[in-house]
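Structure first, commentary second.
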Amino acid sequence: MPLFEISDQQLIAVEQSNFPSEKVLQELIEANLEIVFNSRLVASEFSTGSQHGGRIDTLALSEDNNPIIIEYKKVESSELITQSLFYLHWLKDHRGDFEMAVQKALGSDTPVDWSDIRVICIAPDYRKYDLHAVQVMGANLELWKYRLYENSTLHLEEVLQPTAVASVKKGVEERGAESYTLEDHLRGKPDNIHSLTLELHEKILALDSAMEAAPKKLYIAYRISQNIVCLEIQQKQVLLFVKLDPKQLWPLPENARDVTNIGHYGTGDLEIRVRTSEDVEQAMPYIEMAYKKVGG
């Protein structure tokens with residue numbers, strides 16, 4: 001992925017670089033977890049105990065209160081995949097250890113949602129055999145590729161999302177590792193709400209090939225590195241919670257409001273009520289704006 005600097009209508013290639021060690025890469029991501037993945041640091045170099053003899057590079061908690069494991073390599077390595085899978089299974093069997101670490105780092109009243117565990121691998125590249133193996137296994141891994149450039153620019157790109165299993169029902173996609181699906185949220189809803197939801201679903205996913213639908217118990221999050229918009233599907237409308245500051249968008253449309261200080265499901269402080277296809281078209285520019293703001 002070449003990078004060019006523009007100077008007097010000339011394109012000047014920026015040379016690639018790399019981190020002196022994995023630790024430097026890890027420290028940079030941990031110091032910017034909120035910016036990159038909108039998550040909170042729980043622990044660095046978290047020990048899995050003497051019996052398992054491992055250390056998880058980074059443990060974090062997502063904006064949806066889901067556990068996150070992040071592992072790093074500064075070179076191509078199949079070990080990154082196997083190591084991450086090992087830590088994923090360890091974490092599933094040691095929920096209490098993680099919850100204690102969360103309470104210590106973020107406070108005793110911090111909830112943990114175990115319906116989804118994000119496992120993020122960050123490396124400069126991946127062997128095609130490793131990519132194929134992860135797809136065949138259906139492993140719940142996010143593979144991110146990075147490039148560091150001499151002008152101190154870091155590029156992050158997701159090259160493989162957690163495996164999705166296609167459903168024949170209404171074109172819905174289900175991720176095998178999750179407890180909830182889009183179909184769950186549509187069950188029992190009127191036909192017009194089905195149509196509006198699927199219209200939104202398709203338009204949001206079309207913004208970027210890396211966009212992922214992540215159904216939760218009470219809403220559906222659409223994210224790349226972090227949530228961009230969340231959908232709460234109701235009987236008479238679909239509520240959108242867009243990751244924008246409503247105070248910077250005044251005046252708001254009639255079907256929108258600032259919910260910064262109002263309790264709501266999902267993440268995002270701009271609420272938009274969708275009841276018609278016209279509402280969908282009016283909402284999409286705000287969703288695109290949020291997508292661009294988080295680095296899309």
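Chains: A, B, ... in order of the structure tokens. Residues: from 1 per chain. Ligands: from 1, in order shown.
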Could you write out, as a VMD selection string, all the residues of stretch 62-287 of chain A that DSSP marks as strand (DSSP E or B)?
-> chain A and resid 67 to 72 118 to 123 141 to 149 154 to 160 164 to 166 173 to 175 212 to 215 220 to 223 227 to 233 238 to 242 256 to 258 270 to 274
Using DSSP on the backbone coordinates, identify all residues within stretch 37-286 of chain A classified as alpha helix (DSSP H); present the result as a PyMOL selection string.
-> chain A and resi 37+78-93+95-106+128-137+182-186+191-205+277-286
Taking only C-alpha atoms into account, produce a table as a tab-separated table in which each residue of stretch 62-178 of chain A with an atom at most 12 Å from an atom of stretch 265-271 of chain A appears once, together with its shortest atom pair and the distance in Å to one decimal, ordered by chain and rising number.
residue	atom	partner	partner_atom	distance
A:Ser62	CA	A:Thr267	CA	10.8
A:Glu63	CA	A:Thr267	CA	7.3
A:Asp64	CA	A:Gly266	CA	7.5
A:Asn65	CA	A:Gly266	CA	10.8
Could those residues be written to a file, using C-alpha atoms, as a tab-separated table (two decimals), in the first residue's frame?
chain	number	residue	atom	x	y	z
A	62	SER	CA	-14.98	-2.40	24.27
A	63	GLU	CA	-17.53	0.41	24.14
A	64	ASP	CA	-20.16	-2.40	24.21
A	65	ASN	CA	-18.50	-3.78	27.38
Within 12 Å of A:Lys73, counting only C-alpha atoms, which residues show up once you throw out same-chain ones fewer than 2 positions away? Write them as a ChimeraX atom specification, please.
-> /A:18-26,57,70-71,75-81,83-84,120-126,143-146
Save the residues we just selected, N, CA and C atoms, as a compact mmCIF listing (two decimals), in the first residue's frame?
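part-v1.txt, freshly written:
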# COMPACT_ATOMS: atom_id res chain seq x y z
N ASN A 18 9.43 0.42 10.19
CA ASN A 18 8.83 -0.56 11.11
C ASN A 18 9.21 -0.17 12.53
N PHE A 19 8.51 -0.74 13.47
CA PHE A 19 8.80 -0.46 14.87
C PHE A 19 10.05 -1.21 15.30
N PRO A 20 10.84 -0.64 16.19
CA PRO A 20 12.04 -1.33 16.64
C PRO A 20 11.74 -2.62 17.39
N SER A 21 10.54 -2.71 17.97
CA SER A 21 10.16 -3.93 18.69
C SER A 21 8.64 -4.00 18.77
N GLU A 22 8.13 -5.19 19.06
CA GLU A 22 6.68 -5.35 19.23
C GLU A 22 6.18 -4.54 20.41
N LYS A 23 7.02 -4.38 21.42
CA LYS A 23 6.63 -3.64 22.62
C LYS A 23 6.31 -2.19 22.29
N VAL A 24 7.06 -1.59 21.37
CA VAL A 24 6.82 -0.20 20.98
C VAL A 24 5.47 -0.09 20.28
N LEU A 25 5.17 -1.04 19.40
CA LEU A 25 3.86 -1.08 18.73
C LEU A 25 2.75 -1.25 19.76
N GLN A 26 2.94 -2.17 20.69
CA GLN A 26 1.94 -2.42 21.73
C GLN A 26 1.69 -1.17 22.57
N ASP A 57 -0.94 -9.95 25.50
CA ASP A 57 -0.33 -8.63 25.29
C ASP A 57 -1.22 -7.52 25.85
N ILE A 70 -5.86 -8.30 22.41
CA ILE A 70 -5.06 -7.80 21.28
C ILE A 70 -3.67 -8.42 21.37
N GLU A 71 -3.23 -9.01 20.25
CA GLU A 71 -1.89 -9.58 20.16
C GLU A 71 -1.15 -8.93 18.99
N VAL A 75 6.52 -8.91 12.54
CA VAL A 75 6.85 -9.67 11.33
C VAL A 75 5.73 -10.67 11.08
N GLU A 76 5.66 -11.22 9.86
CA GLU A 76 4.70 -12.29 9.58
C GLU A 76 4.99 -13.47 10.50
N SER A 77 3.92 -14.04 11.08
CA SER A 77 4.14 -15.17 11.98
C SER A 77 2.86 -15.95 12.18
N SER A 78 2.90 -17.25 11.88
CA SER A 78 1.74 -18.11 12.14
C SER A 78 1.49 -18.23 13.63
N GLU A 79 2.53 -17.99 14.43
CA GLU A 79 2.40 -18.07 15.88
C GLU A 79 1.35 -17.09 16.41
N LEU A 80 1.19 -15.95 15.73
CA LEU A 80 0.22 -14.95 16.17
C LEU A 80 -1.19 -15.53 16.17
N ILE A 81 -1.53 -16.31 15.15
CA ILE A 81 -2.86 -16.90 15.03
C ILE A 81 -3.08 -17.94 16.13
N GLN A 83 -1.45 -18.43 18.90
CA GLN A 83 -1.36 -17.81 20.22
C GLN A 83 -2.68 -17.12 20.59
N SER A 84 -3.24 -16.39 19.63
CA SER A 84 -4.49 -15.67 19.86
C SER A 84 -5.64 -16.64 20.13
N ILE A 120 -8.22 -9.39 18.44
CA ILE A 120 -7.63 -8.56 17.40
C ILE A 120 -6.15 -8.89 17.26
N CYS A 121 -5.76 -9.28 16.05
CA CYS A 121 -4.35 -9.54 15.74
C CYS A 121 -3.83 -8.39 14.89
N ILE A 122 -2.66 -7.86 15.25
CA ILE A 122 -2.07 -6.74 14.51
C ILE A 122 -0.66 -7.14 14.07
N ALA A 123 -0.44 -7.14 12.76
CA ALA A 123 0.86 -7.54 12.20
C ALA A 123 1.05 -6.82 10.88
N PRO A 124 2.29 -6.76 10.36
CA PRO A 124 2.51 -6.09 9.07
C PRO A 124 1.92 -6.86 7.89
N ASP A 125 1.74 -8.18 8.04
CA ASP A 125 1.15 -8.97 6.96
C ASP A 125 0.82 -10.37 7.49
N TYR A 126 0.11 -11.15 6.67
CA TYR A 126 -0.27 -12.51 7.03
C TYR A 126 -0.03 -13.42 5.83
N LEU A 143 -8.21 -9.89 11.87
CA LEU A 143 -6.82 -9.75 11.45
C LEU A 143 -6.61 -8.36 10.87
N TRP A 144 -5.75 -7.58 11.53
CA TRP A 144 -5.46 -6.20 11.12
C TRP A 144 -4.01 -6.12 10.64
N LYS A 145 -3.82 -5.45 9.51
CA LYS A 145 -2.49 -5.25 8.95
C LYS A 145 -2.09 -3.79 9.16
N TYR A 146 -0.83 -3.57 9.53
CA TYR A 146 -0.37 -2.20 9.72
C TYR A 146 0.79 -1.89 8.79
Which is closest to A:Ile68 among A:Leu85, A:Ile29, A:Ala101, A:Val119, if we use only C-alpha atoms?
->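 Under the stated criterion, the closest residue is A:Val119.
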Take atom CA of A:Thr153 and atom CA of A:Asp208 and report the distance between them in Å, one decimal.
->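 Taking atom CA of A:Thr153 as the start and atom CA of A:Asp208 as the end point, the length is 21.5 Å.
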Hey, what's within 7 Å of A:Cys230 if we count only C-alpha atoms and toss same-chain stuff fewer than 4 positions away? As a ChimeraX atom specification, please?
-> /A:219-222,240-242,266-267
From the list A:Asp245, A:Thr82, A:Thr48, A:Ile69, which residue is nearest A:Met137 when using only C-alpha atoms?
->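 Checking each candidate against A:Met137, we get A:Thr82 as the closest.
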Extract, using only C-alpha atoms, all DNA, RNA and protein residues at most 12 Å from stretch 277-291 of chain A, discarding same-chain residues fewer than 2 positions from it, and format them as number ranges by chain.
-> A: 192-208, 210-211, 222-231, 237-246, 248-249, 252-256, 268-275, 293-296
Straight-line distance linking atom CA of A:Ile262 with atom CA of A:Pro111, stated in Å to one decimal |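 Taking atom CA of A:Ile262 as the start and atom CA of A:Pro111 as the end point, the length is 18.9 Å.
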What separation in Å, quoted to one decimal, exists between atom CA of A:Ile56 and atom CA of A:Ala43?
->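 Atom CA of A:Ala43 lies 8.7 Å from atom CA of A:Ile56.
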Name the residues in contact with A:Ser47 at a cut-off of 12 Å, using only C-alpha atoms, excluding same-chain residues fewer than 6 positions from it; report them as a PDB file with C-alpha atoms, in the first residue's frame.
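The result, stored in around.pdb:
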ATOM      1  CA  GLY A  53       2.554 -20.045  31.142  1.00  0.00           C
ATOM      2  CA  GLY A  54       1.449 -17.242  28.840  1.00  0.00           C
ATOM      3  CA  ARG A  55       0.991 -13.490  28.786  1.00  0.00           C
ATOM      4  CA  ILE A  56      -1.794 -11.768  26.870  1.00  0.00           C
ATOM      5  CA  ASP A  57      -0.332  -8.632  25.285  1.00  0.00           C
ATOM      6  CA  THR A  58      -3.374  -6.398  25.815  1.00  0.00           C
ATOM      7  CA  LEU A  59      -6.699  -6.936  27.562  1.00  0.00           C
ATOM      8  CA  TYR A  87      -5.796 -16.951  24.692  1.00  0.00           C
ATOM      9  CA  TRP A  90      -8.286 -19.437  28.005  1.00  0.00           C
ATOM     10  CA  LEU A  91     -10.376 -16.317  28.513  1.00  0.00           C
ATOM     11  CA  HIS A  94     -11.373 -17.800  33.115  1.00  0.00           C
ATOM     12  CA  ASP A  97     -10.051 -13.529  36.281  1.00  0.00           C
ATOM     13  CA  PHE A  98     -10.993 -11.061  33.565  1.00  0.00           C
ATOM     14  CA  ALA A 101      -9.040  -7.299  36.291  1.00  0.00           C
TER      15      ALA A 101
END
